[in-house]
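Everything below belongs to coords_17.txt, which stores compact mmCIF, C-alpha atoms and all ligand atoms.
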```txt
# COMPACT_ATOMS: atom_id res chain seq x y z
CA MET A 573 25.60 -31.68 2.32
CA ALA A 574 22.62 -29.44 2.82
CA ILE A 575 19.56 -30.14 0.73
CA HIS A 576 18.32 -26.76 -0.37
CA LYS A 577 18.16 -25.01 -3.65
CA LYS A 578 21.33 -23.11 -4.18
CA ASN A 579 19.85 -19.68 -4.39
CA GLN A 580 17.48 -19.86 -1.44
CA LEU A 581 18.12 -17.87 1.66
CA ILE A 582 16.97 -17.99 5.25
CA GLY A 583 15.29 -14.72 6.26
CA LEU A 584 16.62 -13.61 9.62
CA ASP A 585 15.23 -10.46 11.20
CA ILE A 586 17.52 -9.63 14.11
CA GLY A 587 15.38 -7.21 16.12
CA SER A 588 16.22 -5.62 19.44
CA HIS A 589 13.45 -7.57 21.20
CA SER A 590 13.43 -10.79 19.24
CA ILE A 591 14.98 -12.65 16.33
CA LYS A 592 12.56 -13.91 13.72
CA LEU A 593 13.46 -16.64 11.21
CA VAL A 594 11.55 -17.59 8.08
CA GLU A 595 12.36 -20.23 5.47
CA ILE A 596 10.38 -20.36 2.24
CA ASP A 597 10.57 -23.04 -0.43
CA ASP A 598 9.79 -22.43 -4.07
CA SER A 599 7.71 -25.15 -5.67
CA LYS A 600 5.69 -25.65 -8.82
CA LYS A 601 2.53 -25.00 -6.86
CA GLY A 602 3.84 -21.81 -5.34
CA ARG A 603 5.81 -20.62 -2.36
CA ILE A 604 5.62 -22.81 0.69
CA LEU A 605 6.25 -21.72 4.26
CA LYS A 606 8.85 -24.23 5.41
CA ASN A 607 9.93 -22.83 8.72
CA PHE A 608 9.11 -20.06 11.12
CA GLY A 609 10.65 -19.39 14.50
CA ILE A 610 11.14 -16.59 16.98
CA VAL A 611 13.44 -16.19 19.95
CA GLY A 612 13.54 -13.35 22.47
CA LEU A 613 16.63 -11.37 23.43
CA PRO A 614 17.52 -9.69 26.72
CA SER A 615 16.88 -5.94 26.62
CA ASP A 616 20.55 -4.92 26.54
CA ALA A 617 21.71 -7.28 23.76
CA ILE A 618 20.90 -4.88 20.90
CA VAL A 619 20.61 -1.18 21.57
CA GLU A 620 19.67 1.40 18.94
CA GLY A 621 20.36 -1.06 16.16
CA SER A 622 23.86 -1.90 17.31
CA ILE A 623 24.73 -5.33 18.71
CA LYS A 624 26.15 -4.95 22.22
CA GLU A 625 26.24 -8.63 23.19
CA MET A 626 27.73 -10.60 20.29
CA GLU A 627 27.85 -13.91 22.18
CA ILE A 628 24.25 -13.72 23.42
CA VAL A 629 22.86 -12.80 20.02
CA SER A 630 24.89 -15.39 18.11
CA SER A 631 23.98 -18.19 20.51
CA ALA A 632 20.30 -17.23 20.30
CA ILE A 633 20.61 -17.53 16.51
CA LYS A 634 22.40 -20.88 16.82
CA ASP A 635 19.64 -22.21 19.09
CA LEU A 636 17.00 -21.11 16.63
CA PHE A 637 18.72 -22.99 13.78
CA LYS A 638 19.21 -26.06 15.95
CA ASN A 639 15.65 -26.17 17.26
CA LEU A 640 14.15 -25.73 13.80
CA LYS A 641 16.70 -28.17 12.29
CA ILE A 642 17.67 -25.75 9.55
CA LYS A 643 20.44 -26.83 7.21
CA ASN A 644 20.72 -23.82 4.92
CA ARG A 645 23.46 -21.49 6.20
CA ASN A 646 22.91 -18.67 3.72
CA ILE A 647 21.22 -15.68 5.24
CA ALA A 648 19.34 -12.59 4.19
CA THR A 649 19.22 -10.15 7.08
CA SER A 650 18.52 -6.46 7.50
CA ILE A 651 19.51 -3.39 9.45
CA SER A 652 17.57 -0.30 10.38
CA GLY A 653 17.49 2.77 12.55
CA PHE A 654 19.78 5.65 13.29
CA SER A 655 22.80 4.19 11.48
CA VAL A 656 21.04 3.62 8.20
CA ILE A 657 20.03 6.47 5.91
CA VAL A 658 17.52 5.75 3.17
CA LYS A 659 16.81 8.77 1.08
CA LYS A 660 15.42 9.53 -2.31
CA ILE A 661 17.47 12.24 -3.97
CA THR A 662 17.10 14.13 -7.22
CA LEU A 663 20.14 14.62 -9.41
CA THR A 664 20.85 15.88 -12.88
CA ASN A 665 20.47 13.07 -15.32
CA LYS A 666 23.51 10.93 -15.93
CA GLU A 667 24.44 7.44 -17.01
CA GLU A 668 24.71 4.74 -14.40
CA SER A 669 28.46 4.41 -14.83
CA GLU A 670 28.89 8.13 -14.29
CA LEU A 671 26.63 8.00 -11.25
CA GLU A 672 28.69 5.15 -9.88
CA ALA A 673 31.79 7.32 -10.12
CA THR A 674 30.26 10.40 -8.53
CA ILE A 675 27.81 9.01 -6.00
CA GLN A 676 30.21 9.45 -3.08
CA ASP A 677 30.41 13.20 -3.69
CA GLU A 678 26.70 13.52 -4.41
CA ALA A 679 25.75 11.59 -1.29
CA GLU A 680 27.95 13.49 1.11
CA GLN A 681 25.47 16.32 1.77
CA TYR A 682 22.67 13.89 2.67
CA ILE A 683 24.58 11.81 5.14
CA PRO A 684 25.14 12.95 8.71
CA PHE A 685 28.23 10.74 9.05
CA ASP A 686 31.69 10.92 7.58
CA ILE A 687 31.45 9.42 4.11
CA SER A 688 34.41 7.16 4.89
CA GLU A 689 32.40 5.57 7.71
CA VAL A 690 29.55 4.35 5.54
CA ASN A 691 28.76 1.71 2.95
CA LEU A 692 26.88 3.28 0.06
CA ASP A 693 24.37 1.72 -2.25
CA PHE A 694 21.96 3.26 -4.73
CA ASP A 695 19.12 2.40 -7.01
CA ILE A 696 17.93 4.52 -9.93
CA MET A 697 14.19 5.03 -9.47
CA SER A 698 13.42 7.11 -12.54
CA GLY A 699 15.29 8.99 -15.19
CA GLY A 700 18.88 7.99 -15.83
CA SER A 701 20.18 8.37 -19.38
CA GLU A 702 20.54 5.20 -21.35
CA PRO A 703 23.87 4.99 -23.13
CA GLU A 704 22.31 3.94 -26.44
CA GLU A 705 18.64 4.63 -26.82
CA ILE A 706 16.08 6.30 -24.68
CA SER A 707 14.26 3.78 -22.54
CA GLU A 708 10.52 3.81 -22.73
CA GLU A 709 9.89 2.60 -19.24
CA GLU A 710 6.67 3.75 -17.69
CA GLY A 711 6.84 7.03 -15.88
CA GLU A 712 9.98 8.17 -17.56
CA LYS A 713 9.82 11.53 -19.20
CA GLU A 714 11.69 11.58 -22.42
CA GLY A 715 14.55 14.00 -22.35
CA SER A 716 14.08 14.57 -18.60
CA GLU A 717 16.95 16.45 -17.06
CA GLN A 718 16.52 15.03 -13.59
CA MET A 719 16.81 11.58 -12.16
CA GLU A 720 15.60 10.12 -8.90
CA VAL A 721 17.96 7.92 -7.00
CA MET A 722 17.29 5.94 -3.84
CA LEU A 723 20.35 6.31 -1.70
CA VAL A 724 21.11 3.81 1.04
CA ALA A 725 23.98 4.54 3.39
CA ALA A 726 24.78 2.30 6.33
CA LYS A 727 27.44 2.91 8.93
CA LYS A 728 30.21 0.39 8.44
CA ASP A 729 30.44 -0.54 12.11
CA ILE A 730 26.77 -1.59 12.18
CA VAL A 731 27.19 -3.59 8.98
CA ASP A 732 30.29 -5.24 10.47
CA ASP A 733 28.33 -6.08 13.66
CA TYR A 734 25.67 -7.96 11.71
CA VAL A 735 28.14 -9.77 9.48
CA SER A 736 30.25 -10.77 12.51
CA VAL A 737 27.35 -12.00 14.61
CA LEU A 738 26.24 -14.28 11.77
CA ASP A 739 29.81 -15.40 11.23
CA LEU A 740 30.05 -16.26 14.91
CA ALA A 741 26.90 -18.37 14.54
CA GLY A 742 28.46 -20.22 11.59
CA LEU A 743 26.30 -18.49 8.98
CA SER A 744 27.00 -16.49 5.82
CA SER A 745 25.36 -13.16 5.25
CA ILE A 746 24.54 -13.19 1.55
CA VAL A 747 22.02 -10.35 1.46
CA LEU A 748 22.08 -7.36 3.76
CA ASP A 749 18.86 -5.44 3.34
CA VAL A 750 17.12 -2.57 5.10
CA ASP A 751 14.01 -3.29 7.24
CA ALA A 752 11.86 -0.87 5.22
CA PHE A 753 12.59 -2.65 1.93
CA ALA A 754 12.22 -6.14 3.38
CA LEU A 755 8.82 -5.04 4.67
CA GLN A 756 7.91 -3.71 1.25
CA ASN A 757 8.99 -7.00 -0.31
CA ALA A 758 6.74 -8.92 2.09
CA PHE A 759 3.85 -6.60 1.32
CA GLU A 760 4.27 -6.92 -2.45
CA ALA A 761 4.35 -10.70 -2.25
CA SER A 762 1.22 -10.78 -0.14
CA SER A 763 -0.90 -8.35 -2.11
CA ASP A 764 -1.65 -8.02 -5.78
CA LYS A 765 -3.41 -4.68 -5.70
CA PRO A 766 -1.39 -1.81 -7.13
CA GLY A 767 -1.85 1.57 -5.48
CA CYS A 768 -0.53 3.86 -2.84
CA TYR A 769 0.02 2.43 0.65
CA ALA A 770 1.80 3.25 3.87
CA LEU A 771 3.64 0.40 5.55
CA VAL A 772 4.22 0.97 9.25
CA ASN A 773 6.36 -1.34 11.37
CA VAL A 774 6.32 -0.81 15.13
CA GLY A 775 8.90 -2.96 16.87
CA ALA A 776 10.49 -2.59 20.26
CA GLU A 777 12.84 0.33 19.63
CA GLU A 778 11.98 1.44 16.13
CA LEU A 779 9.04 2.74 14.25
CA GLY A 780 9.53 2.44 10.51
CA ILE A 781 7.41 4.03 7.83
CA ASN A 782 7.56 3.28 4.12
CA ALA A 783 5.10 4.99 1.78
CA ILE A 784 4.92 3.18 -1.54
CA LYS A 785 3.19 3.54 -4.84
CA ASN A 786 2.94 0.70 -7.35
CA ASP A 787 5.87 -1.11 -5.75
CA ILE A 788 8.08 1.96 -5.63
CA SER A 789 9.08 3.56 -2.36
CA LEU A 790 8.17 7.25 -2.18
CA PHE A 791 9.44 7.96 1.30
CA THR A 792 10.87 6.11 4.27
CA ARG A 793 11.56 7.11 7.84
CA ASP A 794 12.74 5.31 10.97
CA SER A 795 12.19 6.89 14.36
CA SER A 796 13.12 5.85 17.88
CA PHE A 797 9.66 4.84 19.03
CA GLY A 798 8.35 1.41 19.91
CA GLY A 799 7.10 -1.08 22.45
CA SER A 800 10.08 -0.55 24.76
CA GLN A 801 8.69 2.89 25.62
CA ILE A 802 5.71 1.12 27.13
CA THR A 803 7.80 -1.52 28.85
CA GLU A 804 9.99 1.18 30.38
CA ALA A 805 7.00 3.18 31.57
CA ILE A 806 5.59 0.04 33.21
CA MET A 807 8.97 -0.67 34.84
CA SER A 808 9.07 2.73 36.51
CA GLN A 809 5.36 2.94 37.25
CA PHE A 810 5.18 -0.49 38.94
CA SER A 811 8.85 -0.77 40.02
CA VAL A 812 9.30 -4.09 38.25
CA SER A 813 12.00 -5.70 36.10
CA PHE A 814 12.03 -5.59 32.30
CA GLU A 815 10.80 -9.19 32.10
CA GLU A 816 8.01 -8.53 34.59
CA ALA A 817 7.00 -5.38 32.72
CA GLU A 818 6.80 -7.28 29.42
CA LYS A 819 4.39 -9.72 31.06
CA ILE A 820 2.23 -6.94 32.46
CA LYS A 821 2.15 -5.34 29.01
CA LEU A 822 0.88 -8.55 27.44
CA GLY A 823 -2.04 -8.58 29.87
CA GLU A 824 -0.70 -11.07 32.38
CA THR A 825 -1.41 -8.73 35.26
CA LYS A 826 -3.91 -9.82 37.84
CA LYS A 827 -4.64 -6.61 39.69
CA GLU A 828 -7.80 -4.88 38.49
CA LYS A 829 -6.73 -1.46 39.84
CA ASP A 830 -3.53 -1.53 37.74
CA LYS A 831 -5.47 -1.78 34.52
CA GLY A 832 -6.33 1.91 34.50
CA ILE A 833 -2.68 2.93 34.88
CA LEU A 834 -1.70 0.52 32.14
CA GLU A 835 -4.31 1.95 29.84
CA GLU A 836 -3.04 5.48 30.47
CA ILE A 837 0.47 4.38 29.52
CA PHE A 838 -0.81 2.74 26.34
CA VAL A 839 -2.78 5.81 25.33
CA SER A 840 0.04 8.28 25.91
CA VAL A 841 2.67 6.22 24.07
CA VAL A 842 0.38 5.18 21.24
CA SER A 843 -0.63 8.79 20.63
CA GLU A 844 3.06 9.65 20.20
CA TRP A 845 3.33 6.93 17.56
CA VAL A 846 0.20 8.09 15.82
CA GLN A 847 1.45 11.70 15.72
CA GLU A 848 4.78 10.55 14.30
CA ILE A 849 3.03 8.53 11.58
CA LYS A 850 0.69 11.41 10.85
CA ARG A 851 3.62 13.83 10.46
CA ALA A 852 5.25 11.45 7.98
CA LEU A 853 2.05 11.00 5.99
CA ASP A 854 1.46 14.76 5.93
CA PHE A 855 4.94 15.12 4.52
CA VAL A 856 4.19 12.54 1.84
CA ALA A 857 0.94 14.34 1.00
CA GLY A 858 2.82 17.63 0.67
CA THR A 859 5.54 16.13 -1.51
CA TYR A 860 3.19 14.09 -3.70
CA PRO A 861 -0.03 16.13 -3.83
CA ASP A 862 -1.48 13.88 -6.56
CA GLU A 863 -1.22 10.71 -4.52
CA THR A 864 -3.72 9.43 -1.99
CA ILE A 865 -2.76 6.74 0.46
CA GLU A 866 -5.48 4.10 0.30
CA LYS A 867 -4.55 2.10 3.31
CA ILE A 868 -2.07 1.85 6.16
CA LEU A 869 -0.70 -1.64 6.78
CA VAL A 870 0.70 -2.13 10.25
CA SER A 871 3.23 -4.74 11.35
CA GLY A 872 5.77 -5.42 14.09
CA GLY A 873 5.01 -6.87 17.52
CA SER A 874 3.83 -3.53 18.90
CA CYS A 875 1.04 -3.11 16.36
CA ARG A 876 -0.86 -5.48 18.66
CA ILE A 877 -1.21 -2.82 21.34
CA PRO A 878 -4.93 -2.52 21.99
CA ASP A 879 -6.55 0.34 20.08
CA PHE A 880 -3.41 1.38 18.20
CA ARG A 881 -5.12 0.65 14.90
CA LYS A 882 -8.26 2.43 15.97
CA TYR A 883 -6.39 5.63 17.01
CA LEU A 884 -4.34 5.58 13.85
CA GLU A 885 -7.46 5.30 11.72
CA LEU A 886 -9.19 8.05 13.67
CA GLU A 887 -6.27 10.49 13.44
CA THR A 888 -5.35 9.91 9.81
CA GLY A 889 -8.76 9.16 8.34
CA ILE A 890 -7.15 6.31 6.42
CA SER A 891 -8.22 2.72 6.88
CA VAL A 892 -5.74 0.55 8.78
CA ALA A 893 -5.18 -3.19 8.46
CA GLU A 894 -2.66 -5.66 9.76
CA LEU A 895 -0.07 -6.80 7.22
CA ASN A 896 -0.27 -10.55 6.72
CA PRO A 897 2.96 -11.61 5.03
CA PHE A 898 1.81 -15.24 4.98
CA ALA A 899 -1.25 -14.43 2.85
CA ASN A 900 0.06 -15.80 -0.45
CA LEU A 901 2.15 -18.63 0.96
CA ILE A 902 1.10 -22.26 0.99
CA ILE A 903 0.73 -23.29 4.62
CA ASN A 904 0.69 -26.86 5.86
CA GLU A 905 -1.73 -26.66 8.77
CA LYS A 906 -0.31 -29.84 10.24
CA LEU A 907 2.97 -28.04 10.74
CA PHE A 908 1.72 -24.58 11.64
CA ASP A 909 -1.27 -23.84 13.82
CA PRO A 910 -3.29 -21.28 11.82
CA ARG A 911 -4.20 -19.33 14.95
CA TYR A 912 -0.57 -19.07 16.01
CA LEU A 913 0.47 -17.95 12.52
CA LYS A 914 -2.28 -15.36 12.41
CA TYR A 915 -1.07 -13.97 15.72
CA MET A 916 2.59 -13.97 14.64
CA ALA A 917 1.97 -12.65 11.11
CA PRO A 918 2.60 -8.92 11.66
CA GLN A 919 5.75 -9.63 13.68
CA ALA A 920 7.08 -11.95 10.96
CA ALA A 921 6.74 -9.45 8.11
CA VAL A 922 10.38 -8.34 7.82
CA ALA A 923 11.65 -11.94 8.08
CA VAL A 924 9.26 -13.08 5.33
CA GLY A 925 10.41 -10.24 3.10
CA LEU A 926 14.00 -11.30 3.69
CA ALA A 927 13.32 -14.99 3.05
CA LEU A 928 11.92 -14.00 -0.34
CA ARG A 929 15.24 -12.49 -1.38
CA SER A 930 17.38 -14.82 -3.40
CA ILE A 931 21.08 -14.84 -4.08
CA GLY A 932 21.96 -12.26 -6.68
CA ASP A 933 19.28 -9.92 -5.44
CA LYS A 934 20.41 -6.52 -4.33
N1 LIG B 1001 0.41 -8.72 22.24
C1 LIG B 1001 1.25 -7.70 22.36
N2 LIG B 1001 0.82 -6.53 22.89
C2 LIG B 1001 1.65 -5.49 23.01
N3 LIG B 1001 2.94 -5.49 22.66
C3 LIG B 1001 3.42 -6.62 22.13
C4 LIG B 1001 2.62 -7.76 21.95
N4 LIG B 1001 3.40 -8.73 21.41
C5 LIG B 1001 4.62 -8.20 21.25
N5 LIG B 1001 4.65 -6.92 21.68
C6 LIG B 1001 5.80 -6.00 21.70
O1 LIG B 1001 6.36 -5.96 20.41
C7 LIG B 1001 7.77 -5.66 20.51
C8 LIG B 1001 8.52 -6.65 19.71
O2 LIG B 1001 8.15 -6.53 18.36
P1 LIG B 1001 9.16 -6.91 17.19
O3 LIG B 1001 9.56 -8.32 17.31
O4 LIG B 1001 8.53 -6.47 15.93
O5 LIG B 1001 10.39 -5.97 17.56
P2 LIG B 1001 11.91 -6.11 17.13
O6 LIG B 1001 11.96 -6.37 15.67
O7 LIG B 1001 12.59 -7.11 17.98
O8 LIG B 1001 12.44 -4.67 17.51
P3 LIG B 1001 13.08 -3.48 16.63
O9 LIG B 1001 12.78 -3.75 15.21
O10 LIG B 1001 12.40 -2.26 17.12
O11 LIG B 1001 14.52 -3.51 16.95
C9 LIG B 1001 8.11 -5.72 21.99
O12 LIG B 1001 8.18 -4.41 22.52
C10 LIG B 1001 6.93 -6.50 22.57
O13 LIG B 1001 6.70 -6.17 23.92
MG MG B 1002 11.99 -5.13 13.97
```
Kindly return the structure encoded in the file as C-alpha cells.
Amino acid sequence: MAIHKKNQLIGLDIGSHSIKLVEIDDSKKGRILKNFGIVGLPSDAIVEGSIKEMEIVSSAIKDLFKNLKIKNRNIATSISGFSVIVKKITLTNKEESELEATIQDEAEQYIPFDISEVNLDFDIMSGGSEPEEISEEEGEKEGSEQMEVMLVAAKKDIVDDYVSVLDLAGLSSIVLDVDAFALQNAFEASSDKPGCYALVNVGAEELGINAIKNDISLFTRDSSFGGSQITEAIMSQFSVSFEEAEKIKLGETKKEKDKGILEEIFVSVVSEWVQEIKRALDFVAGTYPDETIEKILVSGGSCRIPDFRKYLELETGISVAELNPFANLIINEKLFDPRYLKYMAPQAAVAVGLALRSIGDK
C-alpha cells in the first residue's frame, strides 16, 4: 500500500513540449519538495492542447513515475489553450443555488462552442446574495445588484483526453485545473506580498497571461504563441529537424555566422510575445483604471529566451522577474542540486501549483 497522506496529490503538468511532475509533502516544519522530474515529448504528441498520441504520452508519464519511484497515483493536472474558456462575467445578483440552475443559459453567449460540448464550472468572485444574512466579506458592496462570476468552460473531448491518458498510465485524475490558476496557486504560495501582478507563462505552444490582485484573478488570456515558433523558424531557416532545431535554440550551435540569424529569429518572435502581453495589460489597465501592476512574473521554459525579460520591461515599463515556485518550499540540497532547481524553477511553476492542490479542492 502506498505511503502517502490520503489527500496529497502529484502535480502533473502535461505540456506540449514536456511533462513536468512535482510532489510536495506537508510537514510540521513546512512544505517539502519531495520530487521533481521532467520528460520531453515528440513535437506531434500534443497539438494545440489536444493529445494526439495517447500511447506516447501515457508511456512518458509511466516512465516518469517509475524513474522517480513515485507511489502516489492521485493526480492534479491542468488543461489550457483554445479549448478552455476562462472568463469573468457580470450577472445580476442571485443566490448560488439559483446560479447553479441558470449558469448554462448565462454562459452560452460567452462560449464559442456548443454548450453541450463543454464542461462548465464557476466561482463567485464578488457579490452573490446570501440566503440568510448579508455577508460582510471585504470588497462586497452591500445591496449590490451585480455579481462577478469566474466562468470556466472546457471542451469535453479535451477533458476526456487528459482523463484517458492518465487512466492509461494507471493514474487517477482527482483535480483537473486550468494552467492559469495552477500558476496563480504557485505564485501565491511563493510570495507573501499582496498587490497587483501579471503572471505570464510562455511554454512551447501557449502564452498564458493572468493578471491578479490580492489573490483574485482579474483577467486571463491564452494565445497561440510560444517557443515552438522559434523552433519552427530555425527548422526552416537552417533546414534541420525539430530535435536539431531545439538544440540550436538552446545555444548548442557551433557556427559563429549562424548566431546573427538566430538572434534575428529571437528578436522577431519575442517582440510578438511582448506585443501580445502589452495588449493584454493595456486591456487590464482600461478595465481596472484604479489598479497598477507592480510586477510581471514570467515562467515557462521559453521565458529563458535571451533578452525576453529585458524587452518586456522596456516595452511595458513594468519590472519583470522570474517566478520561483520553489521559493517557500523546504529543499534538501542533497537531493536537488540548487543550480539545477534554479534553472528549472520557471518551467516547474504550473506543476508546483498543481501539487499544492489537495483532494477536495476545486
Ligand atoms: N534555455 C532555453 N532557451 C530557450 N528556450 C527554452 C529554453 N529551455 C526551454 N526552452 C523552450 O521552452 C519550451 C518548453 O517550455 P514548457 O515546458 O514551459 O512548455 P510546455 O508546458 O511543454 O508547453 P505548452 O504549455 O505551451 O503546451 C520549449 O519550446 C523549449 O524549447
Ligand atoms: Mg505549459
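Every protein or nucleic acid residue with an atom no more than 9 Å from Ser630 in chain A, counting all atoms listed in the file and leaving out same-chain residues fewer than 2 positions away, appears here: Glu625, Met626, Glu627, Ile628, Ala632, Ile633, Lys634, Asp635, Val737, Leu738, Asp739, Leu740, Ala741 and Gly742 of chain A.
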Can you tell me which residues come within 6 Å of ligand LIG 1001 (chain B) when counting only C-alpha atoms and all ligand atoms, ideally as an mmCIF file with C-alpha atoms, keeping the file's coordinate frame?
```cif
data_model
loop_
_atom_site.group_PDB
_atom_site.id
_atom_site.type_symbol
_atom_site.label_atom_id
_atom_site.label_comp_id
_atom_site.auth_asym_id
_atom_site.auth_seq_id
_atom_site.Cartn_x
_atom_site.Cartn_y
_atom_site.Cartn_z
ATOM 1 C CA GLY A 587 15.380 -7.210 16.120
ATOM 2 C CA SER A 588 16.220 -5.620 19.440
ATOM 3 C CA HIS A 589 13.450 -7.570 21.200
ATOM 4 C CA SER A 590 13.430 -10.790 19.240
ATOM 5 C CA GLY A 775 8.900 -2.960 16.870
ATOM 6 C CA ALA A 776 10.490 -2.590 20.260
ATOM 7 C CA GLU A 777 12.840 0.330 19.630
ATOM 8 C CA GLU A 778 11.980 1.440 16.130
ATOM 9 C CA GLY A 799 7.100 -1.080 22.450
ATOM 10 C CA SER A 800 10.080 -0.550 24.760
ATOM 11 C CA GLU A 818 6.800 -7.280 29.420
ATOM 12 C CA LEU A 822 0.880 -8.550 27.440
ATOM 13 C CA GLY A 872 5.770 -5.420 14.090
ATOM 14 C CA GLY A 873 5.010 -6.870 17.520
ATOM 15 C CA SER A 874 3.830 -3.530 18.900
ATOM 16 C CA ARG A 876 -0.860 -5.480 18.660
ATOM 17 C CA ILE A 877 -1.210 -2.820 21.340
ATOM 18 C CA GLN A 919 5.750 -9.630 13.680
#
```
Polymer residues at most 8 Å from Lys785 in chain A, only C-alpha atoms, same-chain spacing of 2 or more positions, as a short mmCIF file (atom, residue, chain, number, x, y, z; two decimals) with C-alpha atoms, in the frame of the given file:
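Written out: part-v2.cif:
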```
data_model
loop_
_atom_site.label_atom_id
_atom_site.label_comp_id
_atom_site.auth_asym_id
_atom_site.auth_seq_id
_atom_site.Cartn_x
_atom_site.Cartn_y
_atom_site.Cartn_z
CA PRO A 766 -1.39 -1.81 -7.13
CA GLY A 767 -1.85 1.57 -5.48
CA CYS A 768 -0.53 3.86 -2.84
CA TYR A 769 0.02 2.43 0.65
CA ALA A 783 5.10 4.99 1.78
CA ASP A 787 5.87 -1.11 -5.75
CA ILE A 788 8.08 1.96 -5.63
CA SER A 789 9.08 3.56 -2.36
CA LEU A 790 8.17 7.25 -2.18
#
```
Residues within 12 Å of Leu886 in chain A, please, as a PyMOL selection string. Count all atoms listed in the file; anything in the same chain fewer than 6 positions from it doesn't count. chain A and resi 843+846-847+850+879-880+892
Convert the current residue selection to file output with C-alpha atoms, as a PDB file, in the coordinates of the input.
```pdb
ATOM      1  CA  SER A 843      -0.630   8.790  20.630  1.00  0.00           C
ATOM      2  CA  VAL A 846       0.200   8.090  15.820  1.00  0.00           C
ATOM      3  CA  GLN A 847       1.450  11.700  15.720  1.00  0.00           C
ATOM      4  CA  LYS A 850       0.690  11.410  10.850  1.00  0.00           C
ATOM      5  CA  ASP A 879      -6.550   0.340  20.080  1.00  0.00           C
ATOM      6  CA  PHE A 880      -3.410   1.380  18.200  1.00  0.00           C
ATOM      7  CA  VAL A 892      -5.740   0.550   8.780  1.00  0.00           C
TER       8      VAL A 892
END
```
Kindly assemble as a Markdown table a list of the chain A residues that lie within 12 Å of ligand MG 1002 (chain B), each paired with its nearest atom pair and their distance in Å to one decimal, using only C-alpha atoms and all ligand atoms, sorted first by chain and then by ascending residue number.
```
| residue | atom | partner | partner_atom | distance |
| --- | --- | --- | --- | --- |
| A:Leu584 | CA | B:MG1002 | MG | 10.6 |
| A:Asp585 | CA | B:MG1002 | MG | 6.8 |
| A:Ile586 | CA | B:MG1002 | MG | 7.1 |
| A:Gly587 | CA | B:MG1002 | MG | 4.5 |
| A:Ser588 | CA | B:MG1002 | MG | 6.9 |
| A:His589 | CA | B:MG1002 | MG | 7.8 |
| A:Ser590 | CA | B:MG1002 | MG | 7.9 |
| A:Ile591 | CA | B:MG1002 | MG | 8.4 |
| A:Lys592 | CA | B:MG1002 | MG | 8.8 |
| A:Leu593 | CA | B:MG1002 | MG | 11.9 |
| A:Ile610 | CA | B:MG1002 | MG | 11.9 |
| A:Gly612 | CA | B:MG1002 | MG | 11.9 |
| A:Ile618 | CA | B:MG1002 | MG | 11.3 |
| A:Glu620 | CA | B:MG1002 | MG | 11.2 |
| A:Gly621 | CA | B:MG1002 | MG | 9.6 |
| A:Thr649 | CA | B:MG1002 | MG | 11.2 |
| A:Ser650 | CA | B:MG1002 | MG | 9.3 |
| A:Ile651 | CA | B:MG1002 | MG | 8.9 |
| A:Ser652 | CA | B:MG1002 | MG | 8.2 |
| A:Gly653 | CA | B:MG1002 | MG | 9.7 |
| A:Val750 | CA | B:MG1002 | MG | 10.6 |
| A:Asp751 | CA | B:MG1002 | MG | 7.3 |
| A:Ala752 | CA | B:MG1002 | MG | 9.7 |
| A:Ala754 | CA | B:MG1002 | MG | 10.6 |
| A:Leu755 | CA | B:MG1002 | MG | 9.8 |
| A:Val772 | CA | B:MG1002 | MG | 10.9 |
| A:Asn773 | CA | B:MG1002 | MG | 7.3 |
| A:Val774 | CA | B:MG1002 | MG | 7.2 |
| A:Gly775 | CA | B:MG1002 | MG | 4.8 |
| A:Ala776 | CA | B:MG1002 | MG | 6.9 |
| A:Glu777 | CA | B:MG1002 | MG | 7.9 |
| A:Glu778 | CA | B:MG1002 | MG | 6.9 |
| A:Leu779 | CA | B:MG1002 | MG | 8.4 |
| A:Gly780 | CA | B:MG1002 | MG | 8.7 |
| A:Ile781 | CA | B:MG1002 | MG | 11.9 |
| A:Asp794 | CA | B:MG1002 | MG | 10.9 |
| A:Ser796 | CA | B:MG1002 | MG | 11.7 |
| A:Phe797 | CA | B:MG1002 | MG | 11.4 |
| A:Gly798 | CA | B:MG1002 | MG | 9.6 |
| A:Gly799 | CA | B:MG1002 | MG | 10.6 |
| A:Ser800 | CA | B:MG1002 | MG | 11.9 |
| A:Ser871 | CA | B:MG1002 | MG | 9.2 |
| A:Gly872 | CA | B:MG1002 | MG | 6.2 |
| A:Gly873 | CA | B:MG1002 | MG | 8.0 |
| A:Ser874 | CA | B:MG1002 | MG | 9.7 |
| A:Cys875 | CA | B:MG1002 | MG | 11.4 |
| A:Pro918 | CA | B:MG1002 | MG | 10.4 |
| A:Gln919 | CA | B:MG1002 | MG | 7.7 |
| A:Ala920 | CA | B:MG1002 | MG | 8.9 |
| A:Ala921 | CA | B:MG1002 | MG | 9.0 |
| A:Val922 | CA | B:MG1002 | MG | 7.1 |
| A:Ala923 | CA | B:MG1002 | MG | 9.0 |
```
Could you please determine the separation between CA of Ala726 in chain A and CA of Gln756 in chain A in Å, to one decimal place?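 Those two atoms sit 18.6 Å apart.
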Write out as a list in words the residues lying within 12 Å of Asp830 in chain A, counting only C-alpha atoms and excluding same-chain residues fewer than 6 positions away. Ile806, Gln809, Phe810, Ile820, Lys821, Gly823, Glu824, Glu836 and Ile837 of chain A
Generate the output file for the selected residues, C-alpha atoms, as a tab-separated table (two decimals), keeping the file's coordinate frame.
```tsv
chain	number	residue	atom	x	y	z
A	806	ILE	CA	5.59	0.04	33.21
A	809	GLN	CA	5.36	2.94	37.25
A	810	PHE	CA	5.18	-0.49	38.94
A	820	ILE	CA	2.23	-6.94	32.46
A	821	LYS	CA	2.15	-5.34	29.01
A	823	GLY	CA	-2.04	-8.58	29.87
A	824	GLU	CA	-0.70	-11.07	32.38
A	836	GLU	CA	-3.04	5.48	30.47
A	837	ILE	CA	0.47	4.38	29.52
```
Mind working out the centre and edge lengths of an axis-aligned box for range 681-687 of chain A, all listed atoms inside, 6 Å added to each side, rounded to one decimal in Å and written as AutoDock Vina command-line options?
```
--center_x 27.2 --center_y 12.9 --center_z 5.4 --size_x 21.0 --size_y 18.9 --size_z 19.3
```
